[in-house]
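Shown next, in structure tokens, is the structure this report addresses.
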Amino acid sequence: MSETRVVEAWTQKPLEDFVTETGARLTLIMTPAGQVLAQYGFTRAVDVMAAAALGAAIFSSTMEIARLLREREFEALSHQGARHGVFLGSFETRRGRLLALVVYGSDATLGLVQLFFEELVAGLAAASPEHVERRPVLAADFERELNQSLSSLFGR
Amino acid sequence: MSERFRGVLERMTRIGGVRGALVVTADDGLVVADALMEGIRGNAVAALAANLMKRFNRVSNAATVGGLRFLHLQADGGTLIIVPAPTGVLVVTIGGPEMNVGLARLEMLRAIEVVE
């Protein structure tokens, strides 16, 4: 079984519980900018980087559609394939707004992922640290932070 | 909720001891229609019932007895019955210990003819 790897320790328990309950194949917890806080199931750093970038881009696109429709935002979206489903949900924590990108197989269902996503959100909201310094994402810091995150996620 | 599902659920919930009934998508585990007593989490029942059906289908296929046609769970505080319809939905009934299980089963078999 793949390990849960985290950059921020408070994400570990809720993520492990979520993966256990849903049987998700892959899960990423990240910021809307694509900064990864925790992952489950990925074995290559390049896959995490690609999934985080694509997840963040999808979220930005749906936010724009929401804006056009005068919706505040879309909280979740899902894509269903023949063998896999993808679920992307956003939620608020004291750490700021976060995204969860979940890939599940035919042994799980969208309903099951949605159900335990609610518990993941509650778990992360409760576990998130009280005081977090919110900084803008600067290009100068981006590569260094990305490398630090990947080192934490893959132990390199 | 469509009239077709409303009728099905009304007939189910008229049976003595029934606490709720749902029509659920079998592939996704999402609620199509429900009539539930307060306190029953429809989305949770739908998601877990669909997941149960997938797992028990694997068991029945592994045992070479074919696809599942009826799932009846007896718990300390009541009963859960799930019947798959060929159209890809599940009819789920939740009842207390006093539920008339035989009548519920008959009504559920009628229900899947309606939702087909």
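Scheme for the structure tokens: letters A, B, ... for chains in order shown; per-chain residue numbers from 1; ligand numbers from 1 in order shown.
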
Got a sec to tell me which of segment 26-65 of chain A DSSP assigns to helix (DSSP H, G or I), as a ChimeraX atom specification? /A:45-65

How would the residues just picked look written out with all heavy atoms as a compact mmCIF listing (two decimals), in the first residue's frame?
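Heads up, here's the output in again38.txt:
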```
# COMPACT_ATOMS: atom_id res chain seq x y z
N ALA A 45 7.68 12.40 -8.46
CA ALA A 45 7.52 13.83 -8.21
C ALA A 45 6.91 14.54 -9.42
O ALA A 45 6.07 15.43 -9.27
CB ALA A 45 8.87 14.46 -7.87
N VAL A 46 7.29 14.10 -10.61
CA VAL A 46 6.80 14.77 -11.81
C VAL A 46 5.28 14.61 -11.94
O VAL A 46 4.59 15.52 -12.43
CB VAL A 46 7.55 14.25 -13.07
CG1 VAL A 46 7.21 12.79 -13.37
CG2 VAL A 46 7.26 15.12 -14.28
N ASP A 47 4.75 13.49 -11.48
CA ASP A 47 3.29 13.28 -11.54
C ASP A 47 2.57 14.20 -10.56
O ASP A 47 1.49 14.71 -10.86
CB ASP A 47 2.95 11.82 -11.22
CG ASP A 47 3.48 10.87 -12.28
OD1 ASP A 47 3.67 11.32 -13.42
OD2 ASP A 47 3.70 9.69 -11.96
N VAL A 48 3.18 14.38 -9.38
CA VAL A 48 2.58 15.30 -8.40
C VAL A 48 2.56 16.71 -8.96
O VAL A 48 1.54 17.41 -8.88
CB VAL A 48 3.36 15.26 -7.06
CG1 VAL A 48 2.92 16.39 -6.15
CG2 VAL A 48 3.16 13.93 -6.38
N MET A 49 3.68 17.11 -9.55
CA MET A 49 3.76 18.47 -10.10
C MET A 49 2.71 18.67 -11.19
O MET A 49 2.03 19.69 -11.24
CB MET A 49 5.17 18.72 -10.66
CG MET A 49 6.22 18.84 -9.58
SD MET A 49 7.88 18.62 -10.22
CE MET A 49 8.04 20.00 -11.31
N ALA A 50 2.58 17.68 -12.05
CA ALA A 50 1.63 17.79 -13.17
C ALA A 50 0.19 17.81 -12.64
O ALA A 50 -0.62 18.65 -13.06
CB ALA A 50 1.82 16.63 -14.13
N ALA A 51 -0.12 16.91 -11.71
CA ALA A 51 -1.49 16.83 -11.18
C ALA A 51 -1.85 18.11 -10.43
O ALA A 51 -2.98 18.61 -10.55
CB ALA A 51 -1.62 15.61 -10.27
N ALA A 52 -0.90 18.63 -9.64
CA ALA A 52 -1.16 19.85 -8.88
C ALA A 52 -1.39 21.04 -9.83
O ALA A 52 -2.33 21.83 -9.63
CB ALA A 52 0.00 20.15 -7.94
N ALA A 53 -0.57 21.12 -10.86
CA ALA A 53 -0.71 22.23 -11.81
C ALA A 53 -2.05 22.13 -12.54
O ALA A 53 -2.76 23.13 -12.70
CB ALA A 53 0.45 22.20 -12.81
N LEU A 54 -2.40 20.91 -12.97
CA LEU A 54 -3.66 20.73 -13.70
C LEU A 54 -4.87 20.97 -12.79
O LEU A 54 -5.86 21.58 -13.20
CB LEU A 54 -3.72 19.33 -14.31
CG LEU A 54 -2.71 19.10 -15.44
CD1 LEU A 54 -2.64 17.62 -15.81
CD2 LEU A 54 -3.05 19.94 -16.66
N GLY A 55 -4.79 20.48 -11.55
CA GLY A 55 -5.88 20.67 -10.59
C GLY A 55 -6.11 22.15 -10.31
O GLY A 55 -7.26 22.62 -10.30
N ALA A 56 -5.00 22.88 -10.11
CA ALA A 56 -5.11 24.31 -9.85
C ALA A 56 -5.69 25.04 -11.06
O ALA A 56 -6.50 25.97 -10.92
CB ALA A 56 -3.74 24.88 -9.49
N ALA A 57 -5.29 24.59 -12.26
CA ALA A 57 -5.80 25.23 -13.49
C ALA A 57 -7.30 24.96 -13.66
O ALA A 57 -8.04 25.87 -14.03
CB ALA A 57 -5.03 24.70 -14.69
N ILE A 58 -7.72 23.73 -13.37
CA ILE A 58 -9.16 23.41 -13.47
C ILE A 58 -9.94 24.27 -12.49
O ILE A 58 -11.00 24.82 -12.82
CB ILE A 58 -9.40 21.90 -13.19
CG1 ILE A 58 -8.79 21.05 -14.30
CG2 ILE A 58 -10.89 21.61 -13.06
CD1 ILE A 58 -8.71 19.57 -13.94
N PHE A 59 -9.41 24.40 -11.27
CA PHE A 59 -10.09 25.21 -10.25
C PHE A 59 -10.22 26.66 -10.72
O PHE A 59 -11.29 27.27 -10.60
CB PHE A 59 -9.34 25.13 -8.93
CG PHE A 59 -9.97 25.95 -7.84
CD1 PHE A 59 -11.18 25.56 -7.28
CD2 PHE A 59 -9.37 27.11 -7.38
CE1 PHE A 59 -11.78 26.32 -6.29
CE2 PHE A 59 -9.96 27.87 -6.38
CZ PHE A 59 -11.16 27.47 -5.84
N SER A 60 -9.14 27.19 -11.28
CA SER A 60 -9.17 28.58 -11.77
C SER A 60 -10.21 28.73 -12.88
O SER A 60 -10.94 29.72 -12.93
CB SER A 60 -7.80 28.98 -12.32
OG SER A 60 -6.87 28.98 -11.30
N SER A 61 -10.27 27.72 -13.77
CA SER A 61 -11.23 27.78 -14.88
C SER A 61 -12.66 27.77 -14.36
O SER A 61 -13.50 28.55 -14.82
CB SER A 61 -11.03 26.59 -15.83
OG SER A 61 -9.73 26.57 -16.30
N THR A 62 -12.93 26.89 -13.40
CA THR A 62 -14.31 26.81 -12.89
C THR A 62 -14.67 28.08 -12.10
O THR A 62 -15.82 28.50 -12.11
CB THR A 62 -14.53 25.58 -11.99
OG1 THR A 62 -13.61 25.60 -10.92
CG2 THR A 62 -14.38 24.30 -12.77
N MET A 63 -13.67 28.68 -11.43
CA MET A 63 -13.92 29.94 -10.73
C MET A 63 -14.34 31.02 -11.73
O MET A 63 -15.22 31.84 -11.45
CB MET A 63 -12.66 30.40 -9.99
CG MET A 63 -12.38 29.64 -8.71
SD MET A 63 -13.56 30.00 -7.41
CE MET A 63 -12.93 31.56 -6.82
N GLU A 64 -13.70 30.98 -12.89
CA GLU A 64 -14.01 31.99 -13.92
C GLU A 64 -15.42 31.76 -14.47
O GLU A 64 -16.18 32.70 -14.70
CB GLU A 64 -12.94 31.92 -15.02
CG GLU A 64 -12.92 33.13 -15.92
CD GLU A 64 -12.75 34.46 -15.18
OE1 GLU A 64 -12.15 34.50 -14.09
OE2 GLU A 64 -13.27 35.47 -15.72
N ILE A 65 -15.76 30.47 -14.69
CA ILE A 65 -17.13 30.15 -15.16
C ILE A 65 -18.14 30.60 -14.11
O ILE A 65 -19.18 31.18 -14.43
CB ILE A 65 -17.26 28.64 -15.45
CG1 ILE A 65 -16.39 28.25 -16.63
CG2 ILE A 65 -18.73 28.27 -15.74
CD1 ILE A 65 -16.26 26.75 -16.84
```

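All of the residues in chain B within 12 Å of chain A are Val24, Thr25, Ala26, Asp27, Asp28, Gly29, Leu30, Val31, Val32, Arg41, Gly42, Asn43, Ala44, Val45, Ala46, Ala47, Leu48, Ala49, Ala50, Asn51, Leu52, Met53, Lys54, Arg55, Phe56, Asn57 and Arg58 of chain B, where only C-alpha atoms were counted.
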
Do a neighbour search on segment 64-70 of chain B at 7 Å with only C-alpha atoms, toss out local chain neighbours closer than 3 positions, and write the hits as a tab-separated table (two decimals) with all heavy atoms, in the first residue's frame.
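The resulting file, selection-v9.tsv, is reproduced below:
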```tsv
chain	number	residue	atom	x	y	z
B	57	ASN	N	-21.67	-7.92	-4.97
B	57	ASN	CA	-21.74	-8.45	-6.33
B	57	ASN	C	-20.47	-9.24	-6.65
B	57	ASN	O	-20.52	-10.28	-7.31
B	57	ASN	CB	-21.92	-7.33	-7.35
B	57	ASN	CG	-23.36	-7.26	-7.82
B	57	ASN	OD1	-24.01	-8.28	-8.03
B	57	ASN	ND2	-23.87	-6.06	-7.95
B	60	SER	N	-20.79	-12.59	-4.90
B	60	SER	CA	-21.70	-13.54	-5.54
B	60	SER	C	-21.15	-14.01	-6.88
B	60	SER	O	-21.31	-15.17	-7.25
B	60	SER	CB	-23.10	-12.94	-5.69
B	60	SER	OG	-23.07	-11.83	-6.53
B	61	ASN	N	-20.42	-13.12	-7.58
B	61	ASN	CA	-19.80	-13.55	-8.84
B	61	ASN	C	-18.66	-14.54	-8.58
B	61	ASN	O	-18.51	-15.52	-9.30
B	61	ASN	CB	-19.29	-12.34	-9.63
B	61	ASN	CG	-20.44	-11.61	-10.30
B	61	ASN	OD1	-21.41	-12.23	-10.76
B	61	ASN	ND2	-20.36	-10.30	-10.35
B	82	ILE	N	-31.82	-3.78	0.00
B	82	ILE	CA	-31.41	-3.13	-1.25
B	82	ILE	C	-31.75	-4.06	-2.42
B	82	ILE	O	-31.41	-5.24	-2.39
B	82	ILE	CB	-29.88	-2.86	-1.27
B	82	ILE	CG1	-29.43	-2.13	0.01
B	82	ILE	CG2	-29.50	-2.06	-2.51
B	82	ILE	CD1	-27.92	-2.06	0.16
B	83	VAL	N	-32.43	-3.50	-3.40
B	83	VAL	CA	-32.78	-4.27	-4.61
B	83	VAL	C	-32.29	-3.50	-5.83
B	83	VAL	O	-32.62	-2.32	-5.99
B	83	VAL	CB	-34.31	-4.47	-4.72
B	83	VAL	CG1	-34.65	-5.26	-5.97
B	83	VAL	CG2	-34.84	-5.19	-3.50
B	84	PRO	N	-31.46	-4.13	-6.67
B	84	PRO	CA	-31.01	-3.44	-7.88
B	84	PRO	C	-32.05	-3.55	-9.00
B	84	PRO	O	-32.67	-4.61	-9.17
B	84	PRO	CB	-29.74	-4.19	-8.27
B	84	PRO	CG	-29.92	-5.56	-7.73
B	84	PRO	CD	-30.83	-5.46	-6.53
```

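Interatomic distance, atom CA of Ser128 of chain A to atom CA of Trp10 of chain A: 6.2 Å.
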
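If only C-alpha atoms are the atoms counted, then among A:Phe154, A:Gly89, A:Ala66, A:Val103 the closest residue to Leu120 of chain A is A:Gly89.
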
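Candidate residues B:Gln74, B:Ser2, B:Thr87, B:Thr79 were compared for distance to Met99 of chain B, and the nearest is B:Thr79, using only C-alpha atoms.
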
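Taking atom CA of Val91 of chain B as the reference point, atom CA of Asp17 of chain A is found at 29.0 Å.
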
Could you find all residues in chain B that DSSP calls strand (DSSP E or B) from the backbone, and write them as a PyMOL selection string? chain B and resi 18-25+31-36+71-75+78-84+89-95

Output for the residues just chosen: N, CA, C and O atoms as a CSV table (one decimal), in the first residue's frame:
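Just written: part20.csv:
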```csv
chain,number,residue,atom,x,y,z
B,18,VAL,N,-41.4,1.0,8.2
B,18,VAL,CA,-40.4,1.6,7.3
B,18,VAL,C,-40.1,3.0,7.7
B,18,VAL,O,-41.0,3.8,8.0
B,19,ARG,N,-38.8,3.3,7.8
B,19,ARG,CA,-38.3,4.6,8.3
B,19,ARG,C,-37.9,5.5,7.1
B,19,ARG,O,-37.6,6.7,7.2
B,20,GLY,N,-37.7,4.8,6.0
B,20,GLY,CA,-37.3,5.6,4.8
B,20,GLY,C,-37.1,4.7,3.6
B,20,GLY,O,-36.8,3.5,3.7
B,21,ALA,N,-37.1,5.4,2.4
B,21,ALA,CA,-36.8,4.6,1.2
B,21,ALA,C,-36.1,5.6,0.3
B,21,ALA,O,-36.3,6.8,0.3
B,22,LEU,N,-35.2,5.0,-0.6
B,22,LEU,CA,-34.4,5.9,-1.5
B,22,LEU,C,-34.3,5.2,-2.8
B,22,LEU,O,-34.3,3.9,-2.9
B,23,VAL,N,-34.2,6.0,-3.9
B,23,VAL,CA,-33.8,5.5,-5.2
B,23,VAL,C,-32.4,6.1,-5.4
B,23,VAL,O,-32.2,7.3,-5.2
B,24,VAL,N,-31.4,5.2,-5.7
B,24,VAL,CA,-30.0,5.6,-5.7
B,24,VAL,C,-29.4,5.1,-7.0
B,24,VAL,O,-29.7,4.0,-7.5
B,25,THR,N,-28.4,5.9,-7.6
B,25,THR,CA,-27.7,5.5,-8.7
B,25,THR,C,-26.7,4.4,-8.3
B,25,THR,O,-25.9,4.6,-7.4
B,31,VAL,N,-28.1,10.0,-4.5
B,31,VAL,CA,-29.6,10.0,-4.3
B,31,VAL,C,-30.3,10.5,-5.5
B,31,VAL,O,-30.0,11.6,-6.0
B,32,VAL,N,-31.2,9.7,-6.0
B,32,VAL,CA,-32.1,10.2,-7.1
B,32,VAL,C,-33.4,10.7,-6.5
B,32,VAL,O,-33.9,11.8,-6.9
B,33,ALA,N,-33.9,10.0,-5.5
B,33,ALA,CA,-35.1,10.5,-4.9
B,33,ALA,C,-35.2,9.8,-3.5
B,33,ALA,O,-34.7,8.7,-3.3
B,34,ASP,N,-35.7,10.5,-2.5
B,34,ASP,CA,-35.8,9.9,-1.2
B,34,ASP,C,-37.0,10.3,-0.4
B,34,ASP,O,-37.6,11.4,-0.7
B,35,ALA,N,-37.4,9.5,0.6
B,35,ALA,CA,-38.4,9.9,1.5
B,35,ALA,C,-37.9,9.3,2.8
B,35,ALA,O,-38.0,8.1,3.0
B,36,LEU,N,-37.4,10.1,3.7
B,36,LEU,CA,-36.7,9.6,4.9
B,36,LEU,C,-37.2,10.3,6.2
B,36,LEU,O,-37.5,11.5,6.1
B,71,LEU,N,-30.4,-7.7,-1.4
B,71,LEU,CA,-29.5,-7.7,-0.2
B,71,LEU,C,-30.3,-7.3,1.0
B,71,LEU,O,-30.9,-6.2,1.0
B,72,HIS,N,-30.3,-8.1,2.0
B,72,HIS,CA,-31.1,-7.9,3.2
B,72,HIS,C,-30.2,-7.9,4.4
B,72,HIS,O,-29.6,-9.0,4.7
B,73,LEU,N,-30.0,-6.8,5.1
B,73,LEU,CA,-29.1,-6.7,6.2
B,73,LEU,C,-30.0,-6.6,7.5
B,73,LEU,O,-30.8,-5.6,7.6
B,74,GLN,N,-29.8,-7.5,8.4
B,74,GLN,CA,-30.5,-7.4,9.7
B,74,GLN,C,-29.6,-6.8,10.8
B,74,GLN,O,-28.5,-7.5,11.0
B,75,ALA,N,-29.9,-5.7,11.3
B,75,ALA,CA,-29.0,-5.1,12.4
B,75,ALA,C,-29.8,-5.1,13.7
B,75,ALA,O,-30.9,-5.5,13.7
B,78,GLY,N,-32.7,-2.6,13.4
B,78,GLY,CA,-33.6,-2.5,12.2
B,78,GLY,C,-33.0,-3.3,11.1
B,78,GLY,O,-32.1,-4.2,11.2
B,79,THR,N,-33.5,-2.9,9.9
B,79,THR,CA,-33.3,-3.7,8.7
B,79,THR,C,-33.0,-2.8,7.5
B,79,THR,O,-33.6,-1.7,7.4
B,80,LEU,N,-32.1,-3.2,6.7
B,80,LEU,CA,-31.8,-2.5,5.4
B,80,LEU,C,-32.0,-3.5,4.3
B,80,LEU,O,-31.4,-4.5,4.3
B,81,ILE,N,-32.8,-3.1,3.3
B,81,ILE,CA,-33.0,-4.0,2.1
B,81,ILE,C,-32.6,-3.2,0.9
B,81,ILE,O,-33.0,-2.0,0.7
B,82,ILE,N,-31.8,-3.8,0.0
B,82,ILE,CA,-31.4,-3.1,-1.2
B,82,ILE,C,-31.8,-4.1,-2.4
B,82,ILE,O,-31.4,-5.2,-2.4
B,83,VAL,N,-32.4,-3.5,-3.4
B,83,VAL,CA,-32.8,-4.3,-4.6
B,83,VAL,C,-32.3,-3.5,-5.8
B,83,VAL,O,-32.6,-2.3,-6.0
B,84,PRO,N,-31.5,-4.1,-6.7
B,84,PRO,CA,-31.0,-3.4,-7.9
B,84,PRO,C,-32.0,-3.5,-9.0
B,84,PRO,O,-32.7,-4.6,-9.2
B,89,VAL,N,-30.3,1.7,-11.2
B,89,VAL,CA,-30.6,2.3,-9.9
B,89,VAL,C,-30.8,1.2,-8.9
B,89,VAL,O,-31.1,0.0,-9.2
B,90,LEU,N,-30.7,1.6,-7.6
B,90,LEU,CA,-31.0,0.7,-6.5
B,90,LEU,C,-32.2,1.3,-5.8
B,90,LEU,O,-32.3,2.5,-5.6
B,91,VAL,N,-33.1,0.4,-5.3
B,91,VAL,CA,-34.1,0.8,-4.4
B,91,VAL,C,-33.7,0.3,-3.0
B,91,VAL,O,-33.4,-0.8,-2.8
B,92,VAL,N,-33.7,1.3,-2.1
B,92,VAL,CA,-33.2,1.0,-0.7
B,92,VAL,C,-34.3,1.3,0.3
B,92,VAL,O,-34.9,2.4,0.2
B,93,THR,N,-34.5,0.4,1.2
B,93,THR,CA,-35.5,0.6,2.2
B,93,THR,C,-34.9,0.4,3.6
B,93,THR,O,-34.1,-0.6,3.8
B,94,ILE,N,-35.2,1.3,4.5
B,94,ILE,CA,-34.7,1.2,5.9
B,94,ILE,C,-35.9,1.1,6.8
B,94,ILE,O,-36.8,1.8,6.6
B,95,GLY,N,-35.8,0.1,7.7
B,95,GLY,CA,-36.9,-0.1,8.6
B,95,GLY,C,-36.5,-0.4,10.0
B,95,GLY,O,-35.3,-0.8,10.2
```
